[in-house]
Amino acid sequence: MGWTERVVEHLADEGHRLTGPRRAILEHILRYSAPFTAEELLADLQKAGVQVGRATVYRTLELLHTNQWLGLVHRPEGEHGYVVAEPGHQHHLVCRRCGSVIAFQGCELETLLGGLAERLNFRIEGHWLEAFGVCRTCQMTSAA
């Protein structure tokens, strides 16, 4: 089962309707290979002739992000973009050249943060990790 089908199933289980515009949004999201903004998605949907309102795009992206089907990534331009995700704790490697994002699970930070929280008497409720660099494809391109 693909990402769209898992999202649709999850949303149905949560009592959310899958309208035509929501399905179009889900299908368009999978076309991005780099983080995208709500405004970029809206513009692409409109170019494709999809009848969808700005509020529907923003509400759908928020719903998907809240349910962990989209992750947020800080883009080099200073704004945040969305990337396809799976529910669960994930972090991202972001290529500064092409903007591609590699999600990974597993976090050695838990031990470090646990010790830091104890030492400073601070209750950590979450964290967000992104590492910026150059992906394999861009490294190969610049080496040629």
# chains A, B, ... in the order shown; residues from 1 in each chain; ligands from 1
>>> residues_around(residues="A:Pro87", least_positions_apart="6", cutoff="12 Å", atoms="only C-alpha atoms", output="list in words")
Trp3, Arg6, Val7, His10, Leu64, His65, Thr66, Asn67, Gln68, Trp69, Leu70, Gly71, Ala103 and Gln105 of chain A
>>> write_last_selection(atoms="N, CA and C atoms", output="compact mmCIF listing (two decimals), in the first residue's frame")
# COMPACT_ATOMS: atom_id res chain seq x y z
N TRP A 3 1.82 5.52 -0.02
CA TRP A 3 1.63 6.60 0.94
C TRP A 3 0.21 7.17 0.87
N ARG A 6 -2.31 4.84 2.44
CA ARG A 6 -2.19 4.80 3.90
C ARG A 6 -2.77 6.06 4.53
N VAL A 7 -2.52 7.20 3.90
CA VAL A 7 -3.07 8.47 4.40
C VAL A 7 -4.59 8.44 4.33
N HIS A 10 -5.98 6.21 7.00
CA HIS A 10 -5.84 6.84 8.32
C HIS A 10 -6.88 7.95 8.51
N LEU A 64 -2.49 16.94 7.65
CA LEU A 64 -1.47 15.94 7.34
C LEU A 64 -0.25 16.09 8.24
N HIS A 65 0.14 17.32 8.54
CA HIS A 65 1.28 17.55 9.42
C HIS A 65 0.95 17.10 10.85
N THR A 66 -0.22 17.45 11.33
CA THR A 66 -0.64 17.07 12.68
C THR A 66 -0.65 15.56 12.85
N ASN A 67 -1.02 14.85 11.80
CA ASN A 67 -1.08 13.39 11.85
C ASN A 67 0.21 12.73 11.39
N GLN A 68 1.26 13.53 11.23
CA GLN A 68 2.62 13.09 10.92
C GLN A 68 2.79 12.48 9.53
N TRP A 69 1.89 12.81 8.60
CA TRP A 69 2.05 12.36 7.21
C TRP A 69 2.88 13.35 6.41
N LEU A 70 3.11 14.53 6.97
CA LEU A 70 4.01 15.52 6.39
C LEU A 70 4.95 16.00 7.49
N GLY A 71 6.20 16.20 7.13
CA GLY A 71 7.15 16.77 8.05
C GLY A 71 7.48 18.19 7.61
N ALA A 103 14.87 11.44 4.91
CA ALA A 103 14.36 11.25 6.27
C ALA A 103 15.05 10.04 6.88
N GLN A 105 15.21 7.62 10.73
CA GLN A 105 14.72 7.38 12.08
C GLN A 105 15.88 6.94 12.95
>>> select_by_dssp(residues="stretch 66-127 of chain A", states="strand (DSSP E)", output="NGL selection string")
:A and (70-74 or 80-84 or 91-95 or 101-104)
>>> closest_residue(among="A:Arg75, A:His28, A:Arg22, A:His92", to="A:Tyr58", atoms="only C-alpha atoms")
A:Arg22
>>> closest_residue(among="A:Val101, A:Val83, A:Leu11, A:Ala48", to="A:Ile29", atoms="only C-alpha atoms")
A:Val83
>>> residues_around(residues="A:Leu18", least_positions_apart="6", cutoff="12 Å", atoms="only C-alpha atoms", output="mmCIF file with C-alpha atoms, in the first residue's frame")
data_model
loop_
_atom_site.group_PDB
_atom_site.id
_atom_site.type_symbol
_atom_site.label_atom_id
_atom_site.label_comp_id
_atom_site.auth_asym_id
_atom_site.auth_seq_id
_atom_site.Cartn_x
_atom_site.Cartn_y
_atom_site.Cartn_z
ATOM 1 C CA THR A 4 -1.601 8.044 -0.483
ATOM 2 C CA GLU A 5 -3.584 4.913 0.344
ATOM 3 C CA VAL A 7 -3.068 8.469 4.395
ATOM 4 C CA VAL A 8 -6.583 7.962 3.009
ATOM 5 C CA GLU A 9 -7.130 4.961 5.278
ATOM 6 C CA HIS A 10 -5.840 6.840 8.323
ATOM 7 C CA LEU A 11 -7.985 9.905 7.615
ATOM 8 C CA ALA A 12 -11.077 7.717 7.141
ATOM 9 C CA ALA A 24 -5.854 16.153 -5.650
ATOM 10 C CA ILE A 25 -3.716 17.679 -2.896
ATOM 11 C CA LEU A 26 -2.450 14.226 -1.851
ATOM 12 C CA THR A 56 -8.540 23.920 1.794
ATOM 13 C CA THR A 60 -5.269 19.844 4.518
#
>>> closest_atom_pairs(of="stretch 24-114 of chain A", to="stretch 128-139 of chain A", cutoff="12 Å", atoms="only C-alpha atoms", output="tab-separated table")
residue	atom	partner	partner_atom	distance
A:Gly71	CA	A:Trp128	CA	10.3
A:Leu72	CA	A:Trp128	CA	9.4
A:Val73	CA	A:Glu130	CA	7.5
A:His74	CA	A:Glu130	CA	7.9
A:Arg75	CA	A:Phe132	CA	9.7
A:Pro76	CA	A:Phe132	CA	9.1
A:His80	CA	A:Glu130	CA	12.0
A:His89	CA	A:Trp128	CA	9.3
A:Gln90	CA	A:Leu129	CA	8.4
A:His91	CA	A:Leu129	CA	5.4
A:His92	CA	A:Glu130	CA	4.9
A:Leu93	CA	A:Ala131	CA	4.8
A:Val94	CA	A:Phe132	CA	4.8
A:Cys95	CA	A:Val134	CA	4.7
A:Arg96	CA	A:Gly133	CA	5.7
A:Arg97	CA	A:Val134	CA	6.5
A:Cys98	CA	A:Cys138	CA	7.2
A:Gly99	CA	A:Cys135	CA	9.0
A:Ser100	CA	A:Cys135	CA	7.6
A:Val101	CA	A:Cys135	CA	8.7
A:Ile102	CA	A:Cys135	CA	8.9
A:Ala103	CA	A:Glu130	CA	9.4
A:Phe104	CA	A:Glu130	CA	10.2
A:Gln105	CA	A:Leu129	CA	10.8
A:Gly106	CA	A:Leu129	CA	11.3
A:Cys107	CA	A:Leu129	CA	9.2
A:Glu108	CA	A:Leu129	CA	11.0
A:Leu109	CA	A:Leu129	CA	9.1
A:Glu110	CA	A:Trp128	CA	11.5
A:Leu113	CA	A:Trp128	CA	11.8
>>> select_by_dssp(residues="stretch 23-76 of chain A", states="alpha helix (DSSP H)", output="number ranges by chain")
A: 23-29, 38-47, 54-66
>>> atom_distance(atom1="atom CA of A:Glu39", atom2="atom CA of A:Gly126")
27.6 Å
>>> closest_residue(among="A:Phe122, A:Leu30, A:Gly49, A:Leu41", to="A:Ala85", atoms="only C-alpha atoms")
A:Leu30
